[in-house]
Structures are given as C-alpha cells and as structure tokens.
>>> print(open('final19.pdb').read())   # PDB, C-alpha atoms
MODEL        1
ATOM      1  CA  MET A  13     102.925 104.891 113.933
ATOM      2  CA  ASN A  14     104.020 108.416 114.934
ATOM      3  CA  THR A  15     105.946 108.643 111.658
ATOM      4  CA  ILE A  16     102.924 107.656 109.588
ATOM      5  CA  THR A  17     100.656 110.029 111.498
ATOM      6  CA  GLY A  18     103.113 112.914 111.200
ATOM      7  CA  LEU A  19     103.565 112.555 107.457
ATOM      8  CA  TRP A  20      99.833 112.069 106.957
ATOM      9  CA  LEU A  21      99.141 115.261 108.910
ATOM     10  CA  ARG A  22     101.790 117.148 106.913
ATOM     11  CA  GLN A  23      99.997 116.307 103.666
ATOM     12  CA  LEU A  24      96.678 117.527 105.044
ATOM     13  CA  LYS A  25      98.149 120.784 106.351
ATOM     14  CA  ARG A  26      99.786 121.535 103.014
ATOM     15  CA  TYR A  27      96.488 120.915 101.253
ATOM     16  CA  PHE A  28      94.288 123.063 103.482
ATOM     17  CA  ARG A  29      96.807 125.914 103.533
ATOM     18  CA  SER A  30      96.747 126.176  99.738
ATOM     19  CA  ARG A  31      93.397 127.715  98.808
ATOM     20  CA  ALA A  32      94.533 128.187  95.222
ATOM     21  CA  ARG A  33      95.181 124.450  94.968
ATOM     22  CA  ILE A  34      91.729 123.585  96.312
ATOM     23  CA  ILE A  35      89.889 126.035  94.066
ATOM     24  CA  GLY A  36      92.003 125.318  90.989
ATOM     25  CA  SER A  37      91.505 121.562  91.218
ATOM     26  CA  LEU A  38      87.721 122.030  91.054
ATOM     27  CA  GLY A  39      87.811 123.713  87.656
ATOM     28  CA  GLN A  40      88.111 120.557  85.572
ATOM     29  CA  PRO A  41      85.339 118.550  87.319
ATOM     30  CA  ILE A  42      82.931 121.495  87.075
ATOM     31  CA  LEU A  43      83.821 121.949  83.394
ATOM     32  CA  PHE A  44      83.093 118.272  82.707
ATOM     33  CA  LEU A  45      79.769 118.499  84.511
ATOM     34  CA  LEU A  46      78.740 121.605  82.580
ATOM     35  CA  VAL A  47      80.006 120.651  79.124
ATOM     36  CA  PHE A  48      79.368 116.916  79.090
ATOM     37  CA  GLY A  49      76.434 116.848  81.486
ATOM     38  CA  PHE A  50      74.340 119.488  79.761
ATOM     39  CA  GLY A  51      75.870 118.994  76.311
ATOM     40  CA  PHE A  52      75.376 115.238  75.924
ATOM     41  CA  GLY A  53      72.460 114.941  78.359
ATOM     42  CA  PRO A  54      69.678 115.516  75.801
ATOM     43  CA  ILE A  55      71.295 113.087  73.313
ATOM     44  CA  PHE A  56      71.704 110.447  76.020
ATOM     45  CA  GLN A  57      68.088 110.866  77.050
ATOM     46  CA  LYS A  58      66.766 110.714  73.473
ATOM     47  CA  ALA A  59      68.614 107.428  73.050
ATOM     48  CA  GLY A  60      66.530 106.065  75.906
ATOM     49  CA  ALA A  61      69.514 105.684  78.249
ATOM     50  CA  GLY A  62      68.118 107.838  81.066
ATOM     51  CA  ASP A  63      69.531 110.883  82.820
ATOM     52  CA  TYR A  64      73.122 111.396  81.643
ATOM     53  CA  MET A  65      74.002 113.715  84.522
ATOM     54  CA  GLN A  66      73.251 110.936  87.020
ATOM     55  CA  PHE A  67      75.386 108.577  84.936
ATOM     56  CA  LEU A  68      78.248 111.068  84.546
ATOM     57  CA  ILE A  69      78.697 112.300  88.115
ATOM     58  CA  PRO A  70      80.212 109.091  89.617
ATOM     59  CA  GLY A  71      82.767 109.151  86.789
ATOM     60  CA  VAL A  72      83.631 112.799  87.425
ATOM     61  CA  ILE A  73      84.084 112.093  91.151
ATOM     62  CA  ALA A  74      86.440 109.231  90.269
ATOM     63  CA  MET A  75      88.285 111.526  87.844
ATOM     64  CA  SER A  76      88.842 114.127  90.549
ATOM     65  CA  ILE A  77      90.255 111.496  92.903
ATOM     66  CA  LEU A  78      92.440 110.028  90.132
ATOM     67  CA  PHE A  79      94.067 113.335  89.199
ATOM     68  CA  THR A  80      94.687 114.403  92.793
ATOM     69  CA  ALA A  81      96.025 110.991  93.840
ATOM     70  CA  MET A  82      98.409 110.550  90.917
ATOM     71  CA  PHE A  83      99.907 114.008  91.228
ATOM     72  CA  ALA A  84     100.540 113.441  94.943
ATOM     73  CA  GLY A  85     103.736 111.752  93.783
ATOM     74  CA  LEU A  86     104.992 115.126  92.569
ATOM     75  CA  GLU A  87     105.619 116.091  96.195
ATOM     76  CA  ILE A  88     108.262 113.365  96.450
ATOM     77  CA  ILE A  89     110.257 114.965  93.628
ATOM     78  CA  TRP A  90     109.691 118.390  95.170
ATOM     79  CA  ASP A  91     110.992 117.155  98.532
ATOM     80  CA  LYS A  92     113.991 115.567  96.796
ATOM     81  CA  GLN A  93     114.998 118.871  95.247
ATOM     82  CA  PHE A  94     114.545 120.906  98.424
ATOM     83  CA  GLY A  95     116.203 118.450 100.784
ATOM     84  CA  PHE A  96     113.233 117.511 102.953
ATOM     85  CA  LEU A  97     113.186 113.934 101.711
ATOM     86  CA  LYS A  98     116.862 113.500 102.558
ATOM     87  CA  GLU A  99     116.213 114.624 106.131
ATOM     88  CA  THR A 100     113.286 112.215 106.339
ATOM     89  CA  LEU A 101     115.203 109.240 104.960
ATOM     90  CA  VAL A 102     118.164 109.645 107.321
ATOM     91  CA  ALA A 103     115.842 109.671 110.346
ATOM     92  CA  PRO A 104     115.859 106.481 112.447
ATOM     93  CA  VAL A 105     112.533 105.255 111.047
ATOM     94  CA  SER A 106     111.555 102.655 108.497
ATOM     95  CA  ARG A 107     111.283 103.741 104.875
ATOM     96  CA  LEU A 108     108.162 101.626 104.710
ATOM     97  CA  GLU A 109     106.550 103.833 107.366
ATOM     98  CA  ILE A 110     107.576 106.942 105.444
ATOM     99  CA  MET A 111     106.058 105.591 102.243
ATOM    100  CA  PHE A 112     102.809 104.557 103.965
ATOM    101  CA  GLY A 113     102.520 107.927 105.715
ATOM    102  CA  ARG A 114     102.964 109.862 102.476
ATOM    103  CA  THR A 115     100.634 107.541 100.556
ATOM    104  CA  LEU A 116      97.929 107.690 103.212
ATOM    105  CA  GLY A 117      98.199 111.485 103.328
ATOM    106  CA  GLY A 118      97.960 111.805  99.546
ATOM    107  CA  ALA A 119      95.018 109.393  99.452
ATOM    108  CA  THR A 120      93.201 111.330 102.180
ATOM    109  CA  VAL A 121      93.657 114.572 100.248
ATOM    110  CA  ALA A 122      92.328 112.868  97.101
ATOM    111  CA  LEU A 123      89.354 111.531  99.061
ATOM    112  CA  ILE A 124      88.567 115.023 100.391
ATOM    113  CA  GLN A 125      88.771 116.341  96.841
ATOM    114  CA  GLY A 126      86.293 113.691  95.745
ATOM    115  CA  LEU A 127      83.927 114.612  98.566
ATOM    116  CA  ILE A 128      84.043 118.274  97.541
ATOM    117  CA  VAL A 129      83.133 117.315  93.978
ATOM    118  CA  PHE A 130      80.340 115.122  95.370
ATOM    119  CA  ALA A 131      78.967 118.120  97.275
ATOM    120  CA  ILE A 132      79.114 120.237  94.118
ATOM    121  CA  ALA A 133      77.348 117.457  92.196
ATOM    122  CA  LEU A 134      74.409 117.705  94.574
ATOM    123  CA  CYS A 135      73.988 121.288  93.369
ATOM    124  CA  PHE A 136      73.773 119.934  89.808
ATOM    125  CA  GLY A 137      70.771 117.827  90.766
ATOM    126  CA  PHE A 138      72.528 114.577  91.643
ATOM    127  CA  HIS A 139      70.282 112.143  93.521
ATOM    128  CA  PRO A 140      72.462 109.450  95.105
ATOM    129  CA  ASN A 141      71.304 106.422  97.025
ATOM    130  CA  TRP A 142      72.155 107.725 100.489
ATOM    131  CA  ALA A 143      71.783 104.284 102.064
ATOM    132  CA  MET A 144      74.810 103.120 100.027
ATOM    133  CA  LEU A 145      76.998 106.128 100.860
ATOM    134  CA  PRO A 146      79.353 104.083 103.117
ATOM    135  CA  LEU A 147      80.006 101.695 100.212
ATOM    136  CA  ALA A 148      80.636 104.642  97.892
ATOM    137  CA  LEU A 149      83.129 106.087 100.394
ATOM    138  CA  LEU A 150      84.939 102.742 100.465
ATOM    139  CA  PHE A 151      85.274 102.761  96.679
ATOM    140  CA  MET A 152      86.470 106.359  96.733
ATOM    141  CA  PHE A 153      89.108 105.529  99.334
ATOM    142  CA  LEU A 154      90.322 102.483  97.398
ATOM    143  CA  ILE A 155      90.647 104.553  94.217
ATOM    144  CA  ALA A 156      92.597 107.172  96.167
ATOM    145  CA  ILE A 157      94.986 104.664  97.767
ATOM    146  CA  LEU A 158      95.514 102.752  94.521
ATOM    147  CA  PHE A 159      96.497 105.724  92.393
ATOM    148  CA  THR A 160      98.438 107.510  95.128
ATOM    149  CA  ALA A 161     100.545 104.351  95.426
ATOM    150  CA  LEU A 162     101.017 104.325  91.641
ATOM    151  CA  GLY A 163     102.032 107.983  91.615
ATOM    152  CA  THR A 164     104.462 107.335  94.466
ATOM    153  CA  ALA A 165     105.989 104.371  92.638
ATOM    154  CA  ILE A 166     106.581 106.428  89.500
ATOM    155  CA  ALA A 167     107.909 109.468  91.390
ATOM    156  CA  SER A 168     110.355 107.268  93.295
ATOM    157  CA  THR A 169     112.202 106.523  90.041
ATOM    158  CA  LEU A 170     112.330 110.112  88.757
ATOM    159  CA  ASP A 171     114.138 113.331  89.670
ATOM    160  CA  ASP A 172     112.646 115.664  87.072
ATOM    161  CA  MET A 173     109.295 117.367  87.718
ATOM    162  CA  GLN A 174     108.634 117.987  84.046
ATOM    163  CA  GLY A 175     109.305 114.340  83.233
ATOM    164  CA  PHE A 176     106.897 113.264  85.957
ATOM    165  CA  GLN A 177     104.156 115.557  84.660
ATOM    166  CA  LEU A 178     104.585 114.253  81.109
ATOM    167  CA  ILE A 179     104.363 110.645  82.262
ATOM    168  CA  MET A 180     101.334 111.432  84.413
ATOM    169  CA  ASN A 181      99.504 113.067  81.522
ATOM    170  CA  PHE A 182     100.398 110.127  79.301
ATOM    171  CA  LEU A 183      98.903 107.706  81.844
ATOM    172  CA  ILE A 184      96.011 109.652  83.343
ATOM    173  CA  MET A 185      94.074 110.498  80.200
ATOM    174  CA  PRO A 186      93.860 106.916  78.834
ATOM    175  CA  ILE A 187      93.072 105.587  82.322
ATOM    176  CA  PHE A 188      90.239 108.093  82.673
ATOM    177  CA  PHE A 189      88.730 107.922  79.187
ATOM    178  CA  LEU A 190      88.857 104.103  79.084
ATOM    179  CA  SER A 191      87.231 103.657  82.485
ATOM    180  CA  GLY A 192      83.613 104.062  81.446
ATOM    181  CA  ALA A 193      83.424 107.384  83.274
ATOM    182  CA  LEU A 194      81.921 109.200  80.285
ATOM    183  CA  PHE A 195      80.128 106.420  78.409
ATOM    184  CA  PRO A 196      78.965 102.837  79.019
ATOM    185  CA  ILE A 197      81.703 100.321  78.302
ATOM    186  CA  GLN A 198      79.120  97.814  77.049
ATOM    187  CA  THR A 199      78.738  99.849  73.829
ATOM    188  CA  LEU A 200      82.469  99.940  73.024
ATOM    189  CA  PRO A 201      84.134  97.817  70.318
ATOM    190  CA  VAL A 202      85.502  94.504  71.574
ATOM    191  CA  ALA A 203      89.171  95.548  71.558
ATOM    192  CA  ILE A 204      88.561  98.783  73.456
ATOM    193  CA  ARG A 205      86.177  97.038  75.840
ATOM    194  CA  PHE A 206      88.936  94.543  76.637
ATOM    195  CA  ILE A 207      91.344  97.388  77.467
ATOM    196  CA  SER A 208      88.676  98.889  79.707
ATOM    197  CA  THR A 209      88.298  95.623  81.621
ATOM    198  CA  ILE A 210      92.019  95.610  82.517
ATOM    199  CA  ASN A 211      91.885  99.249  83.620
ATOM    200  CA  PRO A 212      91.583  99.330  87.439
ATOM    201  CA  LEU A 213      89.712 102.653  87.398
ATOM    202  CA  THR A 214      86.913 100.933  85.467
ATOM    203  CA  TYR A 215      86.061  98.941  88.586
ATOM    204  CA  GLY A 216      86.226 102.031  90.766
ATOM    205  CA  VAL A 217      83.869 103.976  88.510
ATOM    206  CA  ASP A 218      81.537 100.990  88.211
ATOM    207  CA  GLY A 219      81.541 100.514  91.981
ATOM    208  CA  LEU A 220      80.700 104.177  92.568
ATOM    209  CA  ARG A 221      77.978 104.086  89.951
ATOM    210  CA  ASP A 222      76.509 100.940  91.477
ATOM    211  CA  ALA A 223      76.566 102.441  94.969
ATOM    212  CA  PHE A 224      75.176 105.832  93.984
ATOM    213  CA  ILE A 225      72.596 104.999  91.300
ATOM    214  CA  ARG A 226      72.413 101.165  91.269
ATOM    215  CA  SER A 227      73.662 100.965  87.686
ATOM    216  CA  GLY A 228      76.810  98.870  87.763
ATOM    217  CA  VAL A 229      78.075  96.497  85.080
ATOM    218  CA  PHE A 230      80.016  94.224  87.398
ATOM    219  CA  SER A 231      79.038  92.928  90.813
ATOM    220  CA  VAL A 232      80.052  94.810  93.958
ATOM    221  CA  LEU A 233      82.212  91.842  94.991
ATOM    222  CA  THR A 234      84.050  91.862  91.652
ATOM    223  CA  ASN A 235      84.720  95.594  91.859
ATOM    224  CA  LEU A 236      85.978  95.389  95.441
ATOM    225  CA  THR A 237      88.133  92.321  94.769
ATOM    226  CA  VAL A 238      89.868  93.845  91.752
ATOM    227  CA  LEU A 239      90.503  97.169  93.500
ATOM    228  CA  ILE A 240      91.864  95.528  96.659
ATOM    229  CA  ILE A 241      94.203  93.211  94.724
ATOM    230  CA  VAL A 242      95.535  95.950  92.436
ATOM    231  CA  THR A 243      95.924  98.323  95.392
ATOM    232  CA  GLY A 244      97.975  95.695  97.222
ATOM    233  CA  VAL A 245     100.189  95.203  94.164
ATOM    234  CA  PHE A 246     100.779  98.939  93.681
ATOM    235  CA  LEU A 247     101.520  99.415  97.385
ATOM    236  CA  ALA A 248     104.076  96.613  97.241
ATOM    237  CA  VAL A 249     105.712  98.016  94.102
ATOM    238  CA  GLY A 250     105.646 101.545  95.478
ATOM    239  CA  SER A 251     107.180 100.422  98.767
ATOM    240  CA  TYR A 252     109.970  98.590  96.957
ATOM    241  CA  LEU A 253     110.824 101.485  94.634
ATOM    242  CA  PHE A 254     110.642 104.013  97.475
ATOM    243  CA  SER A 255     113.028 101.880  99.538
ATOM    244  CA  LYS A 256     115.565 102.108  96.685
ATOM    245  CA  ILE A 257     115.592 105.913  96.542
ATOM    246  CA  GLU A 258     119.095 107.336  96.756
ATOM    247  CA  ILE A 259     119.583 110.984  97.680
TER     248      ILE A 259
ENDMDL
END
>>> encode(input="final19.pdb", output="structure tokens")
Amino acid sequence: MNTITGLWLRQLKRYFRSRARIIGSLGQPILFLLVFGFGFGPIFQKAGAGDYMQFLIPGVIAMSILFTAMFAGLEIIWDKQFGFLKETLVAPVSRLEIMFGRTLGGATVALIQGLIVFAIALCFGFHPNWAMLPLALLFMFLIAILFTALGTAIASTLDDMQGFQLIMNFLIMPIFFLSGALFPIQTLPVAIRFISTINPLTYGVDGLRDAFIRSGVFSVLTNLTVLIIVTGVFLAVGSYLFSKIEI
C-alpha cells in the first residue's frame, strides 16, 4: 500500500509542479467549446435539437480526461530512458503494486483535469444537474482509470517516445470522434453507429451526459456495466504487459 500511495503521490506532485502542463492542456478543450459550441450552436438549435453547448460540454470533459489519461503512459517511457523505472522495478515490491500506483496517479491527474474543464464550462453557461454530480464523478473516474490503463499497457511494450505519440494520436482521435461527444450517435449511418457502440468512451460520454443533463441514449446501468468490465480488462492486460517489462 505504501508503494501505491508513493507512486500516486509522485504523479500528483509532478502535475501540480508543472504550470505549463496544466495551462497548455486546457487550450484544446477551450478551443472546442468556443469553435464548436458557438459555431454549431445556432445550427443545432434551428434543427430543434436544443442547446448545443449543454450537449457538447460533457463530451469535451470526457475528451480532456481521455487525452490526459492516455498520455500518462508516456511517463513510463520517460522513466525507462532516465533510469527511474529500473530503480523502481528492482525494489523489493510487487510489479502489480507499481502498475496500480502509476495507473491510479495518472487517473487522478486526468480526473483533476476533467474537473478543471468542468469549472471552465460553468463560465460558458453550463447548467448541470447538481444532484447527479456524484454519479458524474464516478463516470469521470472510470473513464480516467480505463484509458490510463490502456496507455500504460501500450507504453509497456514500447521504448520510443515518438512511436508512442504516433500510436496515441492514431487511437485517440477515432476514439474521441466516434464516441458521440460532438454529435448524437443516433443520427449516424448504421456502420458508423455500430463502431460507436463498441467504443468504450461512448458509454462514458453518454453516462456523463445522462448525469449532467438527463439526455443519455443508454441506461445508467448499461453505461456503468460496460465501463467497469472494459476497465477490468484493460487493467488486467496492462498489469500483464507491465510485469513483462525488461530494463
């Protein structure tokens, strides 16, 4: 437990000590809110679909968590190259504890990032259902854990930072755009809608949207079940691949 706590705390300290990282990571969510929110808002409203900004914000919060969580795996490659990971792995502690500590730390950072975007969204006129905030926080945490575990699994098999970034960009953009974060998945063609239904982020975005504005496609139970199962799978895969790291 001390190992998990120590590594979790290390991730938080590194995050809060890097102001440039905090500020820089807010640029993309704010850009999406400004460009998409105010750009497509009038069209969305004319189509009789309601306030697009309220629809968009849960997706942008999920996007912020997704990007931060996935790129948490980059720190594994960084630690490989600078020797910190070697010192950690030779310590008399379980590799499983090391993996859980790093994953929990990365997920917590991603959750904090999502909360910052949520606070900014309130300035854009977001009106969430405050009574369902605990449920929204649960969905945010599950999204963070799920994709931090995925990023860790991928980083455990790589040694090249540039290769990791290319793979992340290849994965992140389709995961985000096919999650229903920017548009309702009900209006998509059948083939694309099918891809969206096997995308785990779809259930995270839908869960957040249901909690915040009571506008979900799936039931809360369905969203939670899918996220918990996929999170368990990614944690298991990430733990296995991390245990096979050779320095």
>>> resolve_selection(input="final19.pdb", expression="the PyMOL selection byres ((chain A and resi 15-19) around 6)", output="list of chain:residue names")
A:Met13, A:Asn14, A:Trp20, A:Leu21, A:Arg22, A:Glu109, A:Gly113, A:Arg114
>>> closest_residue(input="final19.pdb", among="A:Val217, A:Gln125, A:Thr164, A:Gly49", to="Gly36 of chain A", atoms="only C-alpha atoms")
A:Gln125
>>> resolve_selection(input="final19.pdb", expression="the PyMOL selection byres ((chain A and resi 192) around 8)", output="PyMOL selection string")
chain A and resi 71+188-191+193-197+208+214+217-218
>>> write_last_selection(input="final19.pdb", atoms="C-alpha atoms", output="tab-separated table (two decimals), keeping the file's coordinate frame")
chain	number	residue	atom	x	y	z
A	71	GLY	CA	82.77	109.15	86.79
A	188	PHE	CA	90.24	108.09	82.67
A	189	PHE	CA	88.73	107.92	79.19
A	190	LEU	CA	88.86	104.10	79.08
A	191	SER	CA	87.23	103.66	82.48
A	193	ALA	CA	83.42	107.38	83.27
A	194	LEU	CA	81.92	109.20	80.28
A	195	PHE	CA	80.13	106.42	78.41
A	196	PRO	CA	78.96	102.84	79.02
A	197	ILE	CA	81.70	100.32	78.30
A	208	SER	CA	88.68	98.89	79.71
A	214	THR	CA	86.91	100.93	85.47
A	217	VAL	CA	83.87	103.98	88.51
A	218	ASP	CA	81.54	100.99	88.21
>>> closest_residue(input="final19.pdb", among="A:Ile35, A:Leu68, A:Val245, A:Ile257", to="Thr100 of chain A", atoms="all atoms listed in the file")
A:Ile257
>>> closest_residue(input="final19.pdb", among="A:Phe112, A:Phe182, A:Tyr27, A:Phe94", to="Tyr252 of chain A", atoms="only C-alpha atoms")
A:Phe112
>>> closest_residue(input="final19.pdb", among="A:Ile210, A:Ile124, A:Ile157, A:Ala143", to="Leu24 of chain A", atoms="all atoms listed in the file")
A:Ile124
>>> closest_residue(input="final19.pdb", among="A:Thr199, A:Asn181, A:Thr160, A:Ser251", to="Arg107 of chain A", atoms="all atoms listed in the file")
A:Ser251
>>> resolve_selection(input="final19.pdb", expression="the PyMOL selection byres ((chain A and resi 45) around 12)", output="JSON, numbers by chain")
{"A": [38, 39, 40, 41, 42, 43, 44, 46, 47, 48, 49, 50, 51, 52, 53, 64, 65, 66, 67, 68, 69, 70, 71, 72, 73, 75, 76, 129, 130, 132, 133, 134, 135, 136, 137, 138, 193, 194]}
>>> decode(input="final19.pdb", residues="segment 78-116 of chain A", atoms="N, CA and C atoms", output="compact mmCIF listing (two decimals), in the first residue's frame")
# COMPACT_ATOMS: atom_id res chain seq x y z
N LEU A 78 -9.73 11.83 -21.46
CA LEU A 78 -9.16 10.85 -22.39
C LEU A 78 -7.73 11.20 -22.76
N PHE A 79 -7.50 12.43 -23.19
CA PHE A 79 -6.17 12.84 -23.64
C PHE A 79 -5.16 12.75 -22.49
N THR A 80 -5.54 13.27 -21.33
CA THR A 80 -4.62 13.27 -20.19
C THR A 80 -4.32 11.85 -19.73
N ALA A 81 -5.34 11.00 -19.69
CA ALA A 81 -5.17 9.63 -19.21
C ALA A 81 -4.28 8.82 -20.15
N MET A 82 -4.54 8.91 -21.45
CA MET A 82 -3.77 8.11 -22.41
C MET A 82 -2.30 8.50 -22.41
N PHE A 83 -2.04 9.80 -22.35
CA PHE A 83 -0.65 10.25 -22.41
C PHE A 83 0.08 10.08 -21.08
N ALA A 84 -0.62 9.62 -20.05
CA ALA A 84 0.06 9.28 -18.80
C ALA A 84 1.06 8.15 -19.01
N GLY A 85 0.78 7.31 -20.01
CA GLY A 85 1.70 6.21 -20.30
C GLY A 85 3.06 6.69 -20.78
N LEU A 86 3.12 7.92 -21.31
CA LEU A 86 4.38 8.46 -21.79
C LEU A 86 5.42 8.53 -20.67
N GLU A 87 4.96 8.70 -19.43
CA GLU A 87 5.88 8.80 -18.31
C GLU A 87 6.61 7.49 -18.07
N ILE A 88 6.01 6.37 -18.45
CA ILE A 88 6.70 5.09 -18.31
C ILE A 88 7.92 5.05 -19.23
N ILE A 89 7.73 5.49 -20.48
CA ILE A 89 8.85 5.50 -21.42
C ILE A 89 9.91 6.51 -20.96
N TRP A 90 9.45 7.64 -20.46
CA TRP A 90 10.38 8.65 -19.94
C TRP A 90 11.21 8.06 -18.79
N ASP A 91 10.55 7.37 -17.87
CA ASP A 91 11.26 6.78 -16.73
C ASP A 91 12.19 5.64 -17.17
N LYS A 92 11.83 4.94 -18.26
CA LYS A 92 12.71 3.92 -18.79
C LYS A 92 14.03 4.54 -19.24
N GLN A 93 13.92 5.65 -19.98
CA GLN A 93 15.10 6.25 -20.57
C GLN A 93 16.00 6.92 -19.54
N PHE A 94 15.41 7.38 -18.44
CA PHE A 94 16.21 8.09 -17.43
C PHE A 94 16.53 7.24 -16.21
N GLY A 95 16.16 5.97 -16.26
CA GLY A 95 16.61 5.04 -15.23
C GLY A 95 15.74 4.93 -14.00
N PHE A 96 14.72 5.79 -13.86
CA PHE A 96 13.90 5.72 -12.66
C PHE A 96 13.11 4.43 -12.60
N LEU A 97 12.62 3.97 -13.75
CA LEU A 97 11.81 2.76 -13.76
C LEU A 97 12.64 1.55 -13.35
N LYS A 98 13.90 1.53 -13.77
CA LYS A 98 14.78 0.42 -13.39
C LYS A 98 14.94 0.36 -11.88
N GLU A 99 15.15 1.52 -11.25
CA GLU A 99 15.29 1.57 -9.80
C GLU A 99 14.01 1.13 -9.11
N THR A 100 12.86 1.46 -9.72
CA THR A 100 11.58 1.06 -9.13
C THR A 100 11.37 -0.44 -9.24
N LEU A 101 11.71 -1.00 -10.41
CA LEU A 101 11.45 -2.42 -10.64
C LEU A 101 12.35 -3.34 -9.82
N VAL A 102 13.55 -2.88 -9.49
CA VAL A 102 14.45 -3.73 -8.71
C VAL A 102 14.17 -3.63 -7.20
N ALA A 103 13.28 -2.73 -6.82
CA ALA A 103 12.91 -2.61 -5.41
C ALA A 103 12.11 -3.85 -4.98
N PRO A 104 12.20 -4.20 -3.70
CA PRO A 104 11.51 -5.41 -3.22
C PRO A 104 9.99 -5.21 -3.05
N VAL A 105 9.34 -4.83 -4.14
CA VAL A 105 7.89 -4.64 -4.13
C VAL A 105 7.31 -5.31 -5.37
N SER A 106 6.04 -5.58 -5.32
CA SER A 106 5.36 -6.23 -6.44
C SER A 106 5.23 -5.28 -7.63
N ARG A 107 5.45 -5.83 -8.83
CA ARG A 107 5.24 -5.02 -10.03
C ARG A 107 3.78 -4.64 -10.18
N LEU A 108 2.91 -5.46 -9.66
CA LEU A 108 1.48 -5.16 -9.71
C LEU A 108 1.18 -3.89 -8.92
N GLU A 109 1.82 -3.75 -7.75
CA GLU A 109 1.64 -2.54 -6.94
C GLU A 109 2.17 -1.32 -7.67
N ILE A 110 3.31 -1.48 -8.35
CA ILE A 110 3.89 -0.37 -9.09
C ILE A 110 2.95 0.08 -10.20
N MET A 111 2.40 -0.91 -10.92
CA MET A 111 1.49 -0.59 -12.02
C MET A 111 0.24 0.10 -11.49
N PHE A 112 -0.35 -0.42 -10.41
CA PHE A 112 -1.56 0.18 -9.85
C PHE A 112 -1.30 1.59 -9.33
N GLY A 113 -0.14 1.80 -8.70
CA GLY A 113 0.20 3.12 -8.19
C GLY A 113 0.32 4.14 -9.31
N ARG A 114 1.01 3.76 -10.39
CA ARG A 114 1.18 4.66 -11.53
C ARG A 114 -0.16 4.92 -12.21
N THR A 115 -0.96 3.85 -12.38
CA THR A 115 -2.25 4.00 -13.04
C THR A 115 -3.20 4.87 -12.23
N LEU A 116 -3.24 4.64 -10.92
CA LEU A 116 -4.10 5.44 -10.06
C LEU A 116 -3.67 6.91 -10.07
